[in-house]
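One file, protein_19.cif, is given below (mmCIF, C-alpha atoms; chains and numbers go by the auth columns).
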```cif
data_upload
loop_
_atom_site.group_PDB
_atom_site.id
_atom_site.type_symbol
_atom_site.label_atom_id
_atom_site.label_comp_id
_atom_site.label_asym_id
_atom_site.label_seq_id
_atom_site.Cartn_x
_atom_site.Cartn_y
_atom_site.Cartn_z
_atom_site.B_iso_or_equiv
_atom_site.auth_seq_id
_atom_site.auth_asym_id
ATOM 1 C CA LYS A 1 46.532 -5.344 18.360 0.00 1 A
ATOM 2 C CA PRO A 2 47.833 -8.887 17.715 0.00 2 A
ATOM 3 C CA VAL A 3 49.406 -9.362 14.300 0.00 3 A
ATOM 4 C CA PHE A 4 51.253 -12.699 14.293 0.00 4 A
ATOM 5 C CA GLY A 5 49.026 -15.771 14.028 0.00 5 A
ATOM 6 C CA VAL A 6 45.974 -13.869 12.800 0.00 6 A
ATOM 7 C CA ARG A 7 45.217 -16.532 10.176 0.00 7 A
ATOM 8 C CA ASN A 8 44.850 -19.176 12.870 0.00 8 A
ATOM 9 C CA GLY A 9 42.650 -16.986 15.030 0.00 9 A
ATOM 10 C CA ASP A 10 44.882 -17.433 18.077 0.00 10 A
ATOM 11 C CA ALA A 11 47.091 -14.353 17.644 0.00 11 A
ATOM 12 C CA THR A 12 48.949 -13.230 20.748 0.00 12 A
ATOM 13 C CA MET A 13 52.053 -11.515 19.370 0.00 13 A
ATOM 14 C CA THR A 14 51.959 -7.735 19.166 0.00 14 A
ATOM 15 C CA ALA A 15 54.545 -5.090 18.296 0.00 15 A
ATOM 16 C CA GLY A 16 55.134 -4.679 22.037 0.00 16 A
ATOM 17 C CA ASN A 17 55.792 -8.313 22.967 0.00 17 A
ATOM 18 C CA SER A 18 57.454 -9.616 19.795 0.00 18 A
ATOM 19 C CA THR A 19 60.999 -8.362 20.432 0.00 19 A
ATOM 20 C CA PRO A 20 62.431 -11.906 20.377 0.00 20 A
ATOM 21 C CA LEU A 21 61.411 -11.956 16.707 0.00 21 A
ATOM 22 C CA THR A 22 62.742 -8.528 15.809 0.00 22 A
ATOM 23 C CA ASP A 23 65.655 -7.499 18.035 0.00 23 A
ATOM 24 C CA GLY A 24 68.309 -9.542 16.216 0.00 24 A
ATOM 25 C CA ALA A 25 69.215 -11.617 19.249 0.00 25 A
ATOM 26 C CA SER A 26 71.308 -14.722 18.788 0.00 26 A
ATOM 27 C CA VAL A 27 73.140 -17.347 20.772 0.00 27 A
ATOM 28 C CA ALA A 28 76.297 -19.353 20.245 0.00 28 A
ATOM 29 C CA LEU A 29 77.355 -22.459 22.146 0.00 29 A
ATOM 30 C CA LEU A 30 81.130 -22.608 22.585 0.00 30 A
ATOM 31 C CA SER A 31 82.605 -25.924 23.687 0.00 31 A
ATOM 32 C CA SER A 32 85.425 -28.321 23.069 0.00 32 A
ATOM 33 C CA GLU A 33 85.119 -30.900 20.318 0.00 33 A
ATOM 34 C CA GLU A 34 85.180 -33.618 22.966 0.00 34 A
ATOM 35 C CA TRP A 35 82.226 -32.127 24.852 0.00 35 A
ATOM 36 C CA ALA A 36 80.219 -31.677 21.654 0.00 36 A
ATOM 37 C CA SER A 37 80.933 -35.262 20.629 0.00 37 A
ATOM 38 C CA ALA A 38 79.971 -36.594 24.058 0.00 38 A
ATOM 39 C CA HIS A 39 76.629 -34.764 23.827 0.00 39 A
ATOM 40 C CA SER A 40 75.969 -35.677 20.159 0.00 40 A
ATOM 41 C CA ILE A 41 76.122 -32.056 19.029 0.00 41 A
ATOM 42 C CA PRO A 42 77.662 -31.490 15.595 0.00 42 A
ATOM 43 C CA VAL A 43 80.504 -28.983 15.317 0.00 43 A
ATOM 44 C CA LEU A 44 79.282 -26.347 12.856 0.00 44 A
ATOM 45 C CA ALA A 45 82.127 -23.839 13.121 0.00 45 A
ATOM 46 C CA TYR A 46 85.432 -23.144 14.806 0.00 46 A
ATOM 47 C CA PHE A 47 86.234 -20.020 16.814 0.00 47 A
ATOM 48 C CA VAL A 48 89.759 -19.235 15.690 0.00 48 A
ATOM 49 C CA ASP A 49 90.335 -15.628 16.769 0.00 49 A
ATOM 50 C CA GLY A 50 88.783 -12.879 18.799 0.00 50 A
ATOM 51 C CA GLU A 51 89.597 -9.428 20.052 0.00 51 A
ATOM 52 C CA THR A 52 88.101 -6.509 21.903 0.00 52 A
ATOM 53 C CA ALA A 53 88.913 -2.848 21.555 0.00 53 A
ATOM 54 C CA ALA A 54 88.504 0.240 23.712 0.00 54 A
ATOM 55 C CA VAL A 55 87.033 -1.566 26.728 0.00 55 A
ATOM 56 C CA ASP A 56 89.044 -2.951 29.646 0.00 56 A
ATOM 57 C CA TYR A 57 86.899 -5.955 30.554 0.00 57 A
ATOM 58 C CA VAL A 58 89.447 -7.372 32.994 0.00 58 A
ATOM 59 C CA ASN A 59 90.481 -4.439 35.182 0.00 59 A
ATOM 60 C CA GLY A 60 87.934 -1.755 34.444 0.00 60 A
ATOM 61 C CA ARG A 61 84.265 -1.547 35.281 0.00 61 A
ATOM 62 C CA ASP A 62 83.263 -0.386 31.805 0.00 62 A
ATOM 63 C CA GLY A 63 82.611 -3.958 30.729 0.00 63 A
ATOM 64 C CA LEU A 64 80.113 -4.413 33.543 0.00 64 A
ATOM 65 C CA LEU A 65 78.296 -1.236 32.562 0.00 65 A
ATOM 66 C CA MET A 66 78.057 -2.320 28.936 0.00 66 A
ATOM 67 C CA ALA A 67 76.722 -5.787 29.766 0.00 67 A
#
```
For this file, produce the structure as structure tokens.
Amino acid sequence: KPVFGVRNGDATMTAGNSTPLTDGASVALLSSEEWASAHSIPVLAYFVDGETAAVDYVNGRDGLLMA
């Protein structure tokens, strides 16, 4: 049964097809400052450090299985 958009009468979103609204997905665009400037995209944050633990993404196949 559609639940999102009911007020407008054109509801199409149901609990089964609304996962983009509820699964917590996100996206981040990582680029150089030069690229962002050339494409008129404001720099909103800086990625200063990162680490992984317990998974060998380079030599092992575990990273492929988790992807």
As an exercise, work out the distance from CA of Glu34 in chain A to CA of Phe47 in chain A in Å and give it to one decimal place. 15.0 Å
What does the distance between CA of Ala36 in chain A and CA of Glu51 in chain A come to in Å, to one decimal place? 24.2 Å
Calculate how many Å separate CA of Gly50 in chain A from CA of Leu29 in chain A, rounding to one decimal.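 Going from CA of Gly50 in chain A over to CA of Leu29 in chain A covers 15.3 Å.
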Need the shell around Val43 in chain A: protein/DNA/RNA residues with any atom at most 12 Å away, counting only C-alpha atoms. Skip same-chain ones fewer than 2 positions apart. Format as an mmCIF file with C-alpha atoms, in the frame of the given file?
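Below you can see around-v5.cif, which holds the result:
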```cif
data_model
loop_
_atom_site.group_PDB
_atom_site.id
_atom_site.type_symbol
_atom_site.label_atom_id
_atom_site.label_comp_id
_atom_site.auth_asym_id
_atom_site.auth_seq_id
_atom_site.Cartn_x
_atom_site.Cartn_y
_atom_site.Cartn_z
ATOM 1 C CA ALA A 28 76.297 -19.353 20.245
ATOM 2 C CA LEU A 29 77.355 -22.459 22.146
ATOM 3 C CA LEU A 30 81.130 -22.608 22.585
ATOM 4 C CA SER A 31 82.605 -25.924 23.687
ATOM 5 C CA SER A 32 85.425 -28.321 23.069
ATOM 6 C CA GLU A 33 85.119 -30.900 20.318
ATOM 7 C CA GLU A 34 85.180 -33.618 22.966
ATOM 8 C CA TRP A 35 82.226 -32.127 24.852
ATOM 9 C CA ALA A 36 80.219 -31.677 21.654
ATOM 10 C CA SER A 37 80.933 -35.262 20.629
ATOM 11 C CA ALA A 38 79.971 -36.594 24.058
ATOM 12 C CA HIS A 39 76.629 -34.764 23.827
ATOM 13 C CA SER A 40 75.969 -35.677 20.159
ATOM 14 C CA ILE A 41 76.122 -32.056 19.029
ATOM 15 C CA ALA A 45 82.127 -23.839 13.121
ATOM 16 C CA TYR A 46 85.432 -23.144 14.806
ATOM 17 C CA PHE A 47 86.234 -20.020 16.814
#
```
Using all atoms listed in the file, can you list as a ChimeraX atom specification the residues within 7 Å of (50.9, -14.1, 20.9)? /A:2,4,11-14
